[in-house]
Amino acid sequence: MSLNYADTKGFSRENDDDRIITNIRLNTQLNSRLKADMGASFTIRQRKENGIPLSEINNISQYQSILDENGNYIPQSHFYDQGTKDYAASLGYPYNWDYNIKQEFDNKDNSIDKKDVKLFAGLNYKILKGLDFDAKFQYEWGNTELEQVFNEQTFYTRNLVNYYTSLDKNGDLINSIPKGVILNKDNSNYKSFTFRSQINFNREFNDGLYKINAIAGIETRKHVTQGYGLKKYGYDPESLQYVSVNYAMKVPVGFAGAKTFISEGTTFTEVENRFASYYSNFAFTYADKYTFTGSARLDDSNLFGADDKYRSTPLWSSGINWQINKEDFFNLSFVDRLNLRVTYGLNGNVDKSTSPYLIAGVATDRYTQLQYAYIMNPENPSLRWEKTAVTNFGVDYALFNHRLNGSLEYYMKNSTDLLSNVNLNSTVGFSSALLNNGKLENQGLDISVNYAALINKFKWNVGMNFSYNKSKVKRVEMPNETVSGYIGGSLMEGKPLSYLYSYKWAGLSEEGTPQIYNENGDKIDHNTTLEDVKGLKYEGSRVPMYYGSLSNRFSYKNFSLSMLFVYKMKYVFRKPTISYDVLPNQPGIKHIHEDFEKRWMRSGDENITDIPKLPQYRNDGINYYNLYSANGSHNVLDGSHIRFKELIFAYELPKQYLKQLKLSALKLSFQMRNIAVLTFNKDHIDPENIPSMYRLPQEPEYTFGLKASF
Amino acid sequence: MIFGKMKNIFLVVSALLLLTSCDDWLDITPKGKIIPNEAKDFRLMLDQVWHNGSSKAVTLGYKNVLFSSDDMEIPDESYKIEYQTRIQKTYIWDDSIVLDEEEDNDWKYAYNQIYVSNLIVSKLSGTSDEEEQQLLAEAKIHRAFNYFILVNIYGKHYNEASSASDLGVPLLLKPDLLADLTRSTVKEVYDQIIKDIEESIEYLPELAEYNHRPSKAVAYGLMARVALFMGDYTSALSNAENCLSLYDFLYDFNDFSDNPWFPSVFEYPERYEDKEILFLKYSTDQSSLIFPSQELVSLYEVDDLRFSKRLIKDYWPPEIVDYIYNPMEAAYKPFGVNVAEVYLMRAECNARKGNYALAMNDVNTIREKRYTKGTYTALSASNAVEALEIVKEERRRELAFRGLRWFDLKRYNVYDDANISLSRTIEGVEYRLEANSNRWAFPIGMKYILKNPEIIQNPN
């Protein structure tokens with residue numbers, strides 16, 4: 001039995017997460033043949049989400065003041081311009097329409113309550129010697145309740161009530177959503193049933209000369225999610241009453257005389273998924289040295305819109321394993337283990353987001369109030385599994401009393417009927433679809449080395465992993481051999497699955513506009529289309545070709561210190577830059593990319609910057625202005641980096657003190673994560689941590705831990 | 001004892017195990033999703049009036065030709081600021097409008113709707129069920145409308161003499177993601193449009209409950225348009241008459257009240273509730289400003305409510321431009337078939353056939369409902385030629401920015417030897433479109449040609 005409590009603080013103040021978890025587990029031997037096992041776990045979680053998310057911070061302009069010197073809210077530009085808001089106020093609109101981010105923060109009231117229950121029971125029945133039957137049943141249930149109370153200070157309520165206010169024919173105000181608190185409530189729950197029955201066979205023959213391990217089983221699972229939501233206007237949290245509104249009639253909104261229905265906010269959802277798996281593994285060992293293995297598995301589900309042929313995915317593999325160190329001829333005493341293994345397997349994969357049949361979603365139109373269907377996935381009768389054949393060669397070793405151990409593995413994966421998002425000609429009806437489109441080959445090497453040293457009471461464990469992977473597309477059925485296809489990364493023969501091409505950057509012109517080189521090495525401007533793909537530059541793979549980690553653990557008496565470094569090498573990425581799709585001087589623009597500071601401003605700047613000048617008009621025959629500068633070779637950087645990922649310092653209380661405290665263990669720890677990174681590009685950009693409007697830079701994390709066991 | 005009990009449990013468990021291996025257990029239909037296969041599913045697909053997921057609405061029209069016609073005249077000050085590059089290029093009849101990597105939305109949206117029609121046609125062809133026959137007919141009317149628009153934007157105007165060799169558009173008639181996209185001829189496309197309409201009429205209801213659903217009135221109205229464009233005035237006349245005998249409602253603009261926010265314009269009915277719209281197809285451009293050309297403005301009289309309540313003064317500083325087309329109405333610019341258009345088609349056919357008094361009747365029916373009460377006076381013509389001129393002018397006034405003017409210009413050049421050429425001047429540079437220019441057929445998006453080189457580009 002265990003009890004666990006966790007309190008996590010979010011990145012924003014007033015985001016809070018409390019969790020209590022209990023576990024109970026029981027084992028009983030009912031008789032000599034039958035064992036039973038059951039348990040339960042309960043989780044209760046309460047969250048408050050009253051902080052300001054990044055999306056809301058984006059609402060306000062850079063360098064915008066929040067409070068005046070007396071601590072009053074300063075109206076900030078958001079939604080309508082301030083003039084319109086003041087005009088509405090002068091007409092006598094129900095609420096003041098000002099927006100202030102601090103006011104939002106002060107008035108949020110969002111809570112999420114979650115409860116989860118897991119119950120399981122298992123039986124194990126010995127049928128014969130070495131043959132037994134396992135049955136396991138698991139039931140899970142969970143409920144999430146979300147409550148959002150928008151009081152009259154929140155912009156949400158003030159804005160909605162005001163938006164549903166308009167003038168009638170006589171110029172009088174009509175107000176269709178009553179003043180007052182708006183309540184949103186959502187409730188969702190899931191139920192999941194898993195049932196597994198399995199036969200195990202483990203037996204030795206001829207005094208262990210032959211050994212057979214085999215299992216076969218069936219697992220079925222059902223997962224149902226149900227939910228509903230409601231929204232009430234003019235809600236009074238004290239008396240629990242609300243005001244009815246007319247959902248059946250269009251009401252005037254906004255400043256132009258448009259009409260729309262009031263959102264009823266009532267939703268129902270229900271999703272049911274079922275799965276069935278049939279599996280078996282078989283291993284035959286001879287003389288404890290040679291093992292032959294075989295396994296097969298078939299996964300089936302209620303995948304919508306598929307016939308059986310496509311729905312169930314098969315998988316099989318077989319292999320041999322040779323423990324060389326057990327051979328008589330092998331007499332290197334420092335070798336504790338040396339295994340050679342070879343396996344070959346084949347598996348099929350389907351993408352659940354597509355189907356051979358046309359799938360449509362059903363919704364209700366907000367203007368006609370008619371139900372309608374829209375296409376989610378076009379018909380694709382020729383859809384097939386993506387098949388992958390995997391060949392593996394591996395060596396496992398342990399030397400010097402297992403102090404040095406590890407493995408070396410080489411693999412080759414050949415995928416056929418690769419599923420990829422193909423750009424279609426929109427003339428056929430759609431601009432893209434997931435289709436079987438080619439062959440892919442992956443080759444790789446994984447090496448791991450672990451070493452443990454003991455010097456007096458000082459222990460040192462070091463572990464090293466190194467991986468190499470090279471992917472190469474062998475064939476493409478529907479190639480997209482156009483400049484936009486190359487720049488967009490369409491599947492291409494002879495290239496990795498994920499690659500990067502760029503325009504050959506030729507710097508800025510004397511007028512500060514972007515230029516690239518064409519296939520003949522001539523400079524072309526942003527009004528000229530590059531038509532020949534030979535004018536593009538191949539930059540390399542977008543995924544690391546070499547990667548791995550290095551871990552170190554030092555311990556002395558009751559103290560220990562662990563460090564983890566990870567590295568990724570040989571790949572490229574595109575650095576984000578400013579786009580003049582929207583101009584910084586346009587009204588309503590709140591954020592400007594920092595590159596704006598470095599833009600071309602006067603003659604001569606073309607020698608020191610690659611950021612084009614601000615175009616006079618957004619649409620001034622801009623053509624390839626943004627495309628050439630965003631996808632130019634000057635913006636491609638080396639992604640290689642080494643990251644100091646984790647450091648843990650721990651102390652365990654010595655045994656002699658534990659007894660007095662009636663504890664079985666007490667551990668104190670201090671953990672640091674994401675400590676530092678070493679990059680190899682000139683801009684020192686961490687490719688896995690590029691901050692943007694939607695993502696805050698990753699900060700180091702610190703955790704203090706106290707773990708007591710009774 | 002216990003062992004016996006356990007044996008029973010074991011048997012029950014084994015039985016369960018066998019049960020669960022049934023395929024039926026996995027055959028459940030998810031909620032809120034369908035594989036369209038029967039009438040009620042296709043009804044839902046044909047009621048999509050707003051884009052969602054991978055399908056555009058059946059109500060989506062087009063926009064390019066709004067900017068290429070002579071009803072539009074953009075002031076220099078607005079040309080570069082207000083319009084996307086592709087509209088700027090459309091405005092000067094450039095030989096390429098979208099970049100190599102860009103989609104041409106007029107083309108894309110029409111073919112997306114054609115896919116939906118093709119899907120329904122392929123599933124319901126040959127049905128004898130009454131409801132299914134109606135849905136099949138509706139799908140064919142949508143397909144006919146979309147091909148009609150495509151062939152008129154990207155092809156030369158229908159001309160008896162050359163239509164069998166003039167290039168139209170790829171004619172896809174079944175859902176196929178890997179179809180051959182060779183362009184059919186203008187004649188082949190027109191033949192298919194006529195076939196689709198003719199096969200549909202008898203299965204459609206006389207009038208539809210919603211204006212996005214095809215009806216007999218819509219089919220006759222569309223057929224009148226097709227025949228008119230082919231120069232077959234007898235057929236156009238009888239189809240227009242069939243349409244008007246089913247439905248001929250016109251609003252009297254005097255009954256409209258002023259918009260409370262902008263009293264200089266009317267509060268027009270919403271597009272889904274507009275009783276003059278027979279077949280709702282709205283512009284894919286909801287936001288571009290529409291500047292009426294001086295020539296268009298000069299066609300109106302002061303008491304014409306289509307002038308005083310649709311063209312707004314004081315919206316823009318007067319030194320830049322006098323009038324702008326009511327942006328609230330511009331935002332829904334219905335491009336489908338509407339009642340006034342059918343009246344005007346009947347009038348045009350009558351005028352061309354010499355029945356000039358009948359022609360003037362229809363023109364006056366419309367005008368009476370468009371002028372401020374008490375100011376209306378009937379127009380008259382003394383011969384067929386005069387009547388045709390009046391009908392053409394009225395057509396331009398009534399159907400301004402309804403997506404037809406560009407096609408009319410092409411049509412007059414073919415059938416009336418009108419020899420209309422257009423010109424624009426931007427910042428002192430003159431652009432011309434000669435009457436015999438190839439640019440009357442819009443260039444096809446390079447993206448489509450690069451992907452499927454069997455699509456031949458229109459000559460410059």
# chains A, B, ... in the order shown; residues from 1 in each chain; ligands from 1
call {"tool": "residues_around", "arguments": {"residues": "Phe644 in chain A", "least_positions_apart": "2", "cutoff": "10 Å", "atoms": "only C-alpha atoms", "output": "MDAnalysis selection string"}}
result
chainID A and resid 549:550 563:567 642 646:647 672:678
call {"tool": "write_last_selection", "arguments": {"atoms": "C-alpha atoms", "output": "CSV table (one decimal), in the first residue's frame"}}
result
chain,number,residue,atom,x,y,z
A,549,SER,CA,24.0,10.1,-24.3
A,550,LEU,CA,26.6,9.9,-21.5
A,563,MET,CA,24.8,13.6,-14.4
A,564,LEU,CA,23.3,13.1,-17.8
A,565,PHE,CA,24.4,14.6,-21.0
A,566,VAL,CA,22.7,14.0,-24.4
A,567,TYR,CA,23.9,14.9,-27.8
A,642,ILE,CA,25.3,18.8,-26.5
A,646,GLU,CA,20.1,16.4,-15.6
A,647,LEU,CA,22.0,16.5,-12.4
A,672,MET,CA,18.3,20.1,-11.8
A,673,ARG,CA,17.1,19.7,-15.3
A,674,ASN,CA,17.9,21.4,-18.6
A,675,ILE,CA,21.0,23.0,-17.1
A,676,ALA,CA,23.0,24.1,-20.2
A,677,VAL,CA,23.5,23.5,-23.9
A,678,LEU,CA,26.4,23.8,-26.2
call {"tool": "closest_atom_pairs", "arguments": {"of": "range 47-158 of chain B", "to": "range 218-238 of chain B", "cutoff": "9 Å", "atoms": "only C-alpha atoms", "output": "CSV"}}
result
residue,atom,partner,partner_atom,distance
B:Ile141,CA,B:Ala219,CA,6.9
B:Ala144,CA,B:Leu222,CA,8.7
B:Phe145,CA,B:Leu222,CA,7.5
B:Phe148,CA,B:Val226,CA,7.6
B:His157,CA,B:Phe229,CA,7.9
B:Tyr158,CA,B:Met230,CA,5.8
call {"tool": "select_by_dssp", "arguments": {"residues": "range 102-235 of chain A", "states": "alpha helix (DSSP H)", "output": "list in words"}}
result
Lys102, Gln103, Glu104, Phe105, Asp106, Asn107, Phe155, Tyr156, Thr157, Arg158, Asn159, Leu160, Val161, Asn162 and Tyr163 of chain A
call {"tool": "write_last_selection", "arguments": {"atoms": "all heavy atoms", "output": "short mmCIF file (atom, residue, chain, number, x, y, z; two decimals), in the first residue's frame"}}
result
data_model
loop_
_atom_site.label_atom_id
_atom_site.label_comp_id
_atom_site.auth_asym_id
_atom_site.auth_seq_id
_atom_site.Cartn_x
_atom_site.Cartn_y
_atom_site.Cartn_z
N LYS A 102 -4.15 42.56 -16.25
CA LYS A 102 -4.11 42.37 -14.80
C LYS A 102 -5.53 42.16 -14.26
O LYS A 102 -5.77 41.35 -13.37
CB LYS A 102 -3.45 43.60 -14.15
CG LYS A 102 -3.42 43.62 -12.62
CD LYS A 102 -2.48 42.56 -12.05
CE LYS A 102 -2.14 42.76 -10.58
NZ LYS A 102 -3.23 42.85 -9.66
N GLN A 103 -6.46 42.88 -14.86
CA GLN A 103 -7.86 42.72 -14.47
C GLN A 103 -8.32 41.29 -14.77
O GLN A 103 -9.03 40.68 -13.97
CB GLN A 103 -8.73 43.72 -15.26
CG GLN A 103 -10.17 43.78 -14.81
CD GLN A 103 -10.97 44.80 -15.60
OE1 GLN A 103 -10.53 45.29 -16.64
NE2 GLN A 103 -12.15 45.14 -15.11
N GLU A 104 -7.88 40.75 -15.90
CA GLU A 104 -8.18 39.35 -16.24
C GLU A 104 -7.62 38.42 -15.17
O GLU A 104 -8.29 37.53 -14.68
CB GLU A 104 -7.57 38.98 -17.59
CG GLU A 104 -8.21 39.66 -18.77
CD GLU A 104 -9.70 39.42 -18.82
OE1 GLU A 104 -10.10 38.27 -19.05
OE2 GLU A 104 -10.48 40.37 -18.56
N PHE A 105 -6.36 38.66 -14.85
CA PHE A 105 -5.67 37.82 -13.87
C PHE A 105 -6.39 37.86 -12.52
O PHE A 105 -6.55 36.84 -11.85
CB PHE A 105 -4.22 38.33 -13.73
CG PHE A 105 -3.40 37.57 -12.74
CD1 PHE A 105 -3.00 36.26 -13.00
CD2 PHE A 105 -3.03 38.17 -11.55
CE1 PHE A 105 -2.24 35.56 -12.09
CE2 PHE A 105 -2.26 37.47 -10.62
CZ PHE A 105 -1.87 36.16 -10.90
N ASP A 106 -6.85 39.03 -12.13
CA ASP A 106 -7.50 39.19 -10.82
C ASP A 106 -8.86 38.52 -10.75
O ASP A 106 -9.38 38.30 -9.67
CB ASP A 106 -7.68 40.69 -10.50
CG ASP A 106 -6.36 41.38 -10.25
OD1 ASP A 106 -5.36 40.66 -10.00
OD2 ASP A 106 -6.30 42.63 -10.30
N ASN A 107 -9.47 38.26 -11.90
CA ASN A 107 -10.86 37.80 -11.87
C ASN A 107 -11.10 36.39 -12.36
O ASN A 107 -12.23 35.95 -12.46
CB ASN A 107 -11.72 38.78 -12.67
CG ASN A 107 -11.91 40.07 -11.91
OD1 ASN A 107 -12.62 40.12 -10.92
ND2 ASN A 107 -11.20 41.11 -12.34
N PHE A 155 -13.22 40.15 -19.17
CA PHE A 155 -13.46 40.66 -20.51
C PHE A 155 -14.43 39.73 -21.25
O PHE A 155 -15.25 40.18 -22.03
CB PHE A 155 -12.14 40.77 -21.27
CG PHE A 155 -12.28 41.39 -22.62
CD1 PHE A 155 -12.48 42.75 -22.75
CD2 PHE A 155 -12.25 40.60 -23.77
CE1 PHE A 155 -12.64 43.33 -24.00
CE2 PHE A 155 -12.41 41.19 -25.02
CZ PHE A 155 -12.60 42.55 -25.13
N TYR A 156 -14.31 38.44 -21.00
CA TYR A 156 -15.16 37.44 -21.65
C TYR A 156 -16.63 37.80 -21.52
O TYR A 156 -17.38 37.87 -22.49
CB TYR A 156 -14.88 36.06 -21.04
CG TYR A 156 -15.71 34.95 -21.62
CD1 TYR A 156 -15.29 34.27 -22.76
CD2 TYR A 156 -16.91 34.56 -21.03
CE1 TYR A 156 -16.04 33.25 -23.30
CE2 TYR A 156 -17.67 33.54 -21.56
CZ TYR A 156 -17.23 32.88 -22.69
OH TYR A 156 -17.99 31.87 -23.22
N THR A 157 -17.06 38.06 -20.28
CA THR A 157 -18.47 38.37 -20.03
C THR A 157 -18.84 39.74 -20.58
O THR A 157 -19.84 39.90 -21.28
CB THR A 157 -18.75 38.30 -18.51
OG1 THR A 157 -18.57 36.95 -18.10
CG2 THR A 157 -20.16 38.75 -18.19
N ARG A 158 -18.01 40.73 -20.30
CA ARG A 158 -18.34 42.08 -20.75
C ARG A 158 -18.41 42.15 -22.26
O ARG A 158 -19.29 42.76 -22.85
CB ARG A 158 -17.31 43.08 -20.19
CG ARG A 158 -17.45 43.30 -18.68
CD ARG A 158 -16.47 44.32 -18.14
NE ARG A 158 -15.09 43.84 -18.17
CZ ARG A 158 -14.10 44.43 -18.82
NH1 ARG A 158 -14.32 45.54 -19.49
NH2 ARG A 158 -12.88 43.93 -18.80
N ASN A 159 -17.46 41.46 -22.91
CA ASN A 159 -17.40 41.48 -24.36
C ASN A 159 -18.60 40.77 -24.98
O ASN A 159 -19.21 41.26 -25.93
CB ASN A 159 -16.09 40.80 -24.80
CG ASN A 159 -15.94 40.76 -26.29
OD1 ASN A 159 -16.11 41.76 -26.96
ND2 ASN A 159 -15.64 39.59 -26.82
N LEU A 160 -18.95 39.61 -24.44
CA LEU A 160 -20.05 38.83 -25.01
C LEU A 160 -21.38 39.58 -24.87
O LEU A 160 -22.16 39.66 -25.80
CB LEU A 160 -20.12 37.47 -24.32
CG LEU A 160 -20.74 36.35 -25.14
CD1 LEU A 160 -19.86 36.01 -26.33
CD2 LEU A 160 -20.89 35.11 -24.27
N VAL A 161 -21.61 40.13 -23.69
CA VAL A 161 -22.86 40.86 -23.47
C VAL A 161 -22.91 42.08 -24.38
O VAL A 161 -23.93 42.35 -25.03
CB VAL A 161 -23.00 41.25 -21.98
CG1 VAL A 161 -24.21 42.16 -21.78
CG2 VAL A 161 -23.10 40.02 -21.11
N ASN A 162 -21.80 42.80 -24.48
CA ASN A 162 -21.77 43.98 -25.35
C ASN A 162 -21.93 43.61 -26.82
O ASN A 162 -22.62 44.29 -27.56
CB ASN A 162 -20.44 44.73 -25.18
CG ASN A 162 -20.46 45.66 -23.98
OD1 ASN A 162 -21.48 45.81 -23.32
ND2 ASN A 162 -19.32 46.27 -23.69
N TYR A 163 -21.28 42.51 -27.22
CA TYR A 163 -21.34 42.11 -28.63
C TYR A 163 -22.78 41.78 -29.02
O TYR A 163 -23.21 42.06 -30.14
CB TYR A 163 -20.42 40.92 -28.90
CG TYR A 163 -20.37 40.53 -30.35
CD1 TYR A 163 -19.75 41.37 -31.28
CD2 TYR A 163 -20.95 39.36 -30.80
CE1 TYR A 163 -19.72 41.04 -32.62
CE2 TYR A 163 -20.92 39.01 -32.15
CZ TYR A 163 -20.30 39.86 -33.05
OH TYR A 163 -20.28 39.53 -34.38
#
call {"tool": "residues_around", "arguments": {"residues": "range 316-332 of chain B", "least_positions_apart": "5", "cutoff": "8 Å", "atoms": "only C-alpha atoms", "output": "PyMOL selection string"}}
result
(chain A and resi 256) or (chain B and resi 75+77+265+268+271+282-283+285-287+289-292+309-311+401)
call {"tool": "write_last_selection", "arguments": {"atoms": "N, CA and C atoms", "output": "mmCIF file, in the first residue's frame"}}
result
data_model
loop_
_atom_site.group_PDB
_atom_site.id
_atom_site.type_symbol
_atom_site.label_atom_id
_atom_site.label_comp_id
_atom_site.auth_asym_id
_atom_site.auth_seq_id
_atom_site.Cartn_x
_atom_site.Cartn_y
_atom_site.Cartn_z
ATOM 1 N N ALA A 256 -22.882 46.417 -37.323
ATOM 2 C CA ALA A 256 -23.248 46.519 -38.725
ATOM 3 C C ALA A 256 -24.657 46.035 -38.995
ATOM 4 N N PRO B 75 -8.964 53.306 -57.408
ATOM 5 C CA PRO B 75 -8.116 54.507 -57.401
ATOM 6 C C PRO B 75 -6.653 54.140 -57.106
ATOM 7 N N GLU B 77 -4.528 55.369 -55.209
ATOM 8 C CA GLU B 77 -4.168 55.396 -53.787
ATOM 9 C C GLU B 77 -4.484 54.078 -53.090
ATOM 10 N N VAL B 265 -27.412 53.179 -46.001
ATOM 11 C CA VAL B 265 -27.736 51.954 -46.753
ATOM 12 C C VAL B 265 -28.946 51.279 -46.111
ATOM 13 N N TYR B 268 -30.550 45.080 -45.721
ATOM 14 C CA TYR B 268 -30.979 44.070 -46.694
ATOM 15 C C TYR B 268 -31.202 42.747 -45.986
ATOM 16 N N ARG B 271 -28.381 36.666 -46.542
ATOM 17 C CA ARG B 271 -28.324 35.882 -47.775
ATOM 18 C C ARG B 271 -29.142 34.593 -47.713
ATOM 19 N N TYR B 282 -22.098 32.383 -53.065
ATOM 20 C CA TYR B 282 -21.562 33.696 -52.722
ATOM 21 C C TYR B 282 -20.075 33.800 -53.036
ATOM 22 N N SER B 283 -19.630 35.023 -53.135
ATOM 23 C CA SER B 283 -18.246 35.280 -53.525
ATOM 24 C C SER B 283 -17.275 34.672 -52.516
ATOM 25 N N ASP B 285 -14.561 36.007 -51.990
ATOM 26 C CA ASP B 285 -13.858 37.159 -51.440
ATOM 27 C C ASP B 285 -14.845 37.957 -50.618
ATOM 28 N N GLN B 286 -14.646 37.967 -49.305
ATOM 29 C CA GLN B 286 -15.617 38.613 -48.446
ATOM 30 C C GLN B 286 -15.115 39.973 -47.982
ATOM 31 N N SER B 287 -13.901 40.347 -48.350
ATOM 32 C CA SER B 287 -13.353 41.522 -47.688
ATOM 33 C C SER B 287 -12.820 42.616 -48.609
ATOM 34 N N LEU B 289 -12.438 45.702 -50.970
ATOM 35 C CA LEU B 289 -13.280 46.862 -51.235
ATOM 36 C C LEU B 289 -13.678 46.878 -52.703
ATOM 37 N N ILE B 290 -14.914 47.256 -52.955
ATOM 38 C CA ILE B 290 -15.421 47.306 -54.323
ATOM 39 C C ILE B 290 -15.639 48.766 -54.720
ATOM 40 N N PHE B 291 -14.826 49.222 -55.677
ATOM 41 C CA PHE B 291 -14.968 50.589 -56.179
ATOM 42 C C PHE B 291 -15.701 50.559 -57.518
ATOM 43 N N PRO B 292 -16.885 51.155 -57.617
ATOM 44 C CA PRO B 292 -17.590 51.166 -58.897
ATOM 45 C C PRO B 292 -16.893 52.103 -59.882
ATOM 46 N N LYS B 309 -28.746 53.748 -52.292
ATOM 47 C CA LYS B 309 -28.638 52.898 -51.115
ATOM 48 C C LYS B 309 -27.626 51.765 -51.264
ATOM 49 N N ARG B 310 -26.957 51.714 -52.405
ATOM 50 C CA ARG B 310 -25.944 50.674 -52.569
ATOM 51 C C ARG B 310 -24.554 51.274 -52.738
ATOM 52 N N LEU B 311 -24.514 52.447 -53.375
ATOM 53 C CA LEU B 311 -23.213 53.105 -53.560
ATOM 54 C C LEU B 311 -23.118 54.189 -52.498
ATOM 55 N N PHE B 401 -21.729 43.805 -59.752
ATOM 56 C CA PHE B 401 -20.967 43.034 -58.744
ATOM 57 C C PHE B 401 -21.660 41.738 -58.343
#
call {"tool": "atom_distance", "arguments": {"atom1": "CA of Phe400 in chain A", "atom2": "CA of Phe554 in chain A"}}
result
19.9 Å
call {"tool": "decode", "arguments": {"residues": "range 404-454 of chain B", "atoms": "C-alpha atoms", "output": "PDB file, in the first residue's frame"}}
result
ATOM      1  CA  LEU B 404     -21.727  38.362 -64.406  1.00  0.00           C
ATOM      2  CA  ARG B 405     -20.365  41.517 -66.038  1.00  0.00           C
ATOM      3  CA  TRP B 406     -17.058  39.956 -67.168  1.00  0.00           C
ATOM      4  CA  PHE B 407     -18.899  37.068 -68.813  1.00  0.00           C
ATOM      5  CA  ASP B 408     -21.325  39.501 -70.459  1.00  0.00           C
ATOM      6  CA  LEU B 409     -18.428  41.445 -71.976  1.00  0.00           C
ATOM      7  CA  LYS B 410     -17.028  38.225 -73.454  1.00  0.00           C
ATOM      8  CA  ARG B 411     -20.495  37.306 -74.685  1.00  0.00           C
ATOM      9  CA  TYR B 412     -21.196  40.659 -76.373  1.00  0.00           C
ATOM     10  CA  ASN B 413     -17.841  40.453 -78.136  1.00  0.00           C
ATOM     11  CA  VAL B 414     -18.795  37.075 -79.608  1.00  0.00           C
ATOM     12  CA  TYR B 415     -22.489  37.538 -80.408  1.00  0.00           C
ATOM     13  CA  ASP B 416     -22.949  41.252 -80.931  1.00  0.00           C
ATOM     14  CA  ASP B 417     -19.596  42.060 -82.577  1.00  0.00           C
ATOM     15  CA  ALA B 418     -19.411  44.610 -79.808  1.00  0.00           C
ATOM     16  CA  ASN B 419     -15.641  44.907 -80.155  1.00  0.00           C
ATOM     17  CA  ILE B 420     -15.271  45.886 -76.518  1.00  0.00           C
ATOM     18  CA  SER B 421     -11.735  46.464 -75.335  1.00  0.00           C
ATOM     19  CA  LEU B 422     -10.856  47.574 -71.813  1.00  0.00           C
ATOM     20  CA  SER B 423      -8.157  49.807 -70.443  1.00  0.00           C
ATOM     21  CA  ARG B 424      -6.869  50.843 -67.044  1.00  0.00           C
ATOM     22  CA  THR B 425      -4.366  53.439 -65.947  1.00  0.00           C
ATOM     23  CA  ILE B 426      -2.407  53.004 -62.755  1.00  0.00           C
ATOM     24  CA  GLU B 427       0.093  55.647 -61.727  1.00  0.00           C
ATOM     25  CA  GLY B 428       0.258  56.833 -65.298  1.00  0.00           C
ATOM     26  CA  VAL B 429       0.839  53.398 -66.834  1.00  0.00           C
ATOM     27  CA  GLU B 430      -1.848  52.185 -69.215  1.00  0.00           C
ATOM     28  CA  TYR B 431      -2.926  48.548 -69.441  1.00  0.00           C
ATOM     29  CA  ARG B 432      -5.134  47.376 -72.281  1.00  0.00           C
ATOM     30  CA  LEU B 433      -7.228  44.329 -72.995  1.00  0.00           C
ATOM     31  CA  GLU B 434      -8.104  44.186 -76.675  1.00  0.00           C
ATOM     32  CA  ALA B 435     -11.403  42.693 -77.825  1.00  0.00           C
ATOM     33  CA  ASN B 436      -9.597  39.822 -79.538  1.00  0.00           C
ATOM     34  CA  SER B 437      -7.075  39.226 -76.739  1.00  0.00           C
ATOM     35  CA  ASN B 438      -6.431  35.720 -75.423  1.00  0.00           C
ATOM     36  CA  ARG B 439      -6.487  37.082 -71.884  1.00  0.00           C
ATOM     37  CA  TRP B 440     -10.270  37.025 -71.776  1.00  0.00           C
ATOM     38  CA  ALA B 441      -9.624  33.450 -70.688  1.00  0.00           C
ATOM     39  CA  PHE B 442      -7.898  33.520 -67.292  1.00  0.00           C
ATOM     40  CA  PRO B 443      -4.486  31.845 -66.972  1.00  0.00           C
ATOM     41  CA  ILE B 444      -4.603  28.485 -65.194  1.00  0.00           C
ATOM     42  CA  GLY B 445      -2.622  28.255 -61.943  1.00  0.00           C
ATOM     43  CA  MET B 446       0.958  27.083 -62.688  1.00  0.00           C
ATOM     44  CA  LYS B 447       0.812  24.787 -59.676  1.00  0.00           C
ATOM     45  CA  TYR B 448      -1.708  22.620 -61.480  1.00  0.00           C
ATOM     46  CA  ILE B 449       0.227  22.568 -64.721  1.00  0.00           C
ATOM     47  CA  LEU B 450       3.542  21.734 -63.018  1.00  0.00           C
ATOM     48  CA  LYS B 451       1.866  18.772 -61.329  1.00  0.00           C
ATOM     49  CA  ASN B 452      -0.075  17.614 -64.374  1.00  0.00           C
ATOM     50  CA  PRO B 453       1.612  18.801 -67.556  1.00  0.00           C
ATOM     51  CA  GLU B 454      -1.293  17.422 -69.608  1.00  0.00           C
TER      52      GLU B 454
END
